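Asks: Dropping the structure in here first, questions after.
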Amino acid sequence: MLRHLGTKRTYAHNVKLASLLCVAAGFVNAAGFLGFSVLTTNVTGHAALFAERIAMQDWKTARVVALWMFLFLAGAFISSLIVSFIGRNQRYSYVIPMLIEMAILFCVAVFGYRYDHSLAAKEIFAGSLLFAMGLQNSLVSIVSGSVVRTTHLTGTFTDLGIELAQVLQKNTEGRAALKTKIKLRSAIILFFMCGALAGAYIFRYFSFYCFFIPLCILAFTLLSDVYRIKVKRYYRRHNPFNK
């Protein structure tokens, strides 16, 4: 899912990646909103809120919102920097951003009960989730060649609308490729919504401990890739037909 890049990457890889990480992002978006009253997987709404707070001369809140937007950007920047520094050809270049994101989700799950609804606490908790989602979105975008976006649906709905219009045209070239793209966009939307519904429902019963669920999804995604690499190495090393 994560280790295949460029021509080695297939439609199946992108669907598997979307099915897991879109669920995790949707879960964080819903649970983060219920827990901190902040959308924690994108910055579109924050831009409007920032402008509104500036117009109201609420400089303190405007500063916090600006920080949230910067943290999402910083997460995307750091994730891209890590992958570029280690090198795309390295098998485990995606491990570090994933581990950072998992550590953030762990801290929110463990220390979320300390949230006292103050602006400072909201700044810390919501900001950390925005940073984590910036990490994830950048990593997935790099790995999938900008085909999959896991933390928001605005661009996905736009692309889906364009592709649906194109596939309905009688003389459309590459109709099979368009249908494949439509299936992928639909899968991204479906899994994100399923994650959001699960996050909203489970948060009601387990509060901040529910963030262990997207953490486990990320851990499964990471371990499944690493484990498959090790299995293939073992098979190649002990396969008598390779000798």
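Residues are referred to by chain and number: the chain letter is A, B, ... according to the order shown in the structure tokens, the number counts from 1 in that chain, and ligands are numbered separately from 1 in the order shown.
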Could you give me, as a list in words, the residues within 12 Å of A:Leu71, counting only C-alpha atoms and dropping anything in the same chain fewer than 4 positions from it?
Replies: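 Using only C-alpha atoms, the neighbours found are Thr40, Thr41, Asn42, Val43, His46, Val64, Val65, Ala66, Leu67, Gly75, Ala76, Phe77, Ile78, Glu123, Ile124, Phe125, Ala126, Gly127, Ser128, Leu129, Leu130, Phe131, Ala132, Met133, Gly134 and Leu135 of chain A.
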Asks: Can you tell me how far atom CA of A:Ile189 sits from atom CA of A:Val148, in Å to one decimal?
Replies: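 Here the two named atoms are 10.8 Å from each other.
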Asks: For a quick check of understanding, using only C-alpha atoms, which of A:Phe220, A:Phe212, A:Arg149, A:Ile182 has the smallest distance to A:Ile162?
Replies: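 Smallest distance to A:Ile162 is found for A:Ile182.
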Asks: So, with only C-alpha atoms as the atoms that count, which of A:Met102, A:Leu190, A:Val108, A:Ile142 lies closest to A:Ile82?
Replies: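 Going through A:Met102, A:Leu190, A:Val108, A:Ile142 one by one, the smallest distance to A:Ile82 is for A:Ile142.
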Asks: So which one's closest to A:Met193, A:Ala55, A:Ala109, A:Ala12, A:Leu21? Using only C-alpha atoms, please.
Replies: A:Leu21
Asks: State, in Å with one decimal place, the distance from atom CA of A:Arg114 to atom CA of A:Val23.
Replies: 26.0 Å
Asks: Can you pull out the residues contacting stretch 32-37 of chain A? Cut-off 8 Å, using only C-alpha atoms, and skip same-chain residues under 2 positions away; I want them as a list in words.
Replies: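 Result of the neighbour search: Val28, Asn29, Ala30, Leu39, Thr40, His117, Lys122, Phe125, Ala126, Leu129, Ala200, Phe203, Ser207 and Phe208 of chain A.
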Asks: Just checking: using only C-alpha atoms, which residue out of A:Arg53, A:His152, A:Arg63, A:Arg204 ends up closest to A:Arg185?
Replies: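 Looking at the shortest contact to A:Arg185, the residue is A:His152.
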Asks: In Å, rounded to a single decimal, give me how far atom CA of A:Lys181 is from atom CA of A:Asp225.
Replies: 23.9 Å
Asks: Considering only C-alpha atoms, state which residue in the set A:Ala103, A:Ala121, A:Lys179, A:Leu184 is at the smallest distance from A:Val147.
Replies: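 Using only C-alpha atoms, the shortest distance to A:Val147 belongs to A:Leu184.
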Asks: Point out the residue among A:Thr61, A:Thr221, A:Ser138, A:Thr44 with the least atom-to-atom distance to A:Leu81, counting only C-alpha atoms.
Replies: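 Distance minimum relative to A:Leu81 lands on A:Ser138.
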Asks: Which polymer residues have any atom within 12 Å of an atom of A:Ala62, counting only C-alpha atoms, with same-chain residues fewer than 6 positions away left out, as a PyMOL selection string?
Replies: chain A and resi 46-56+68-69+119+123
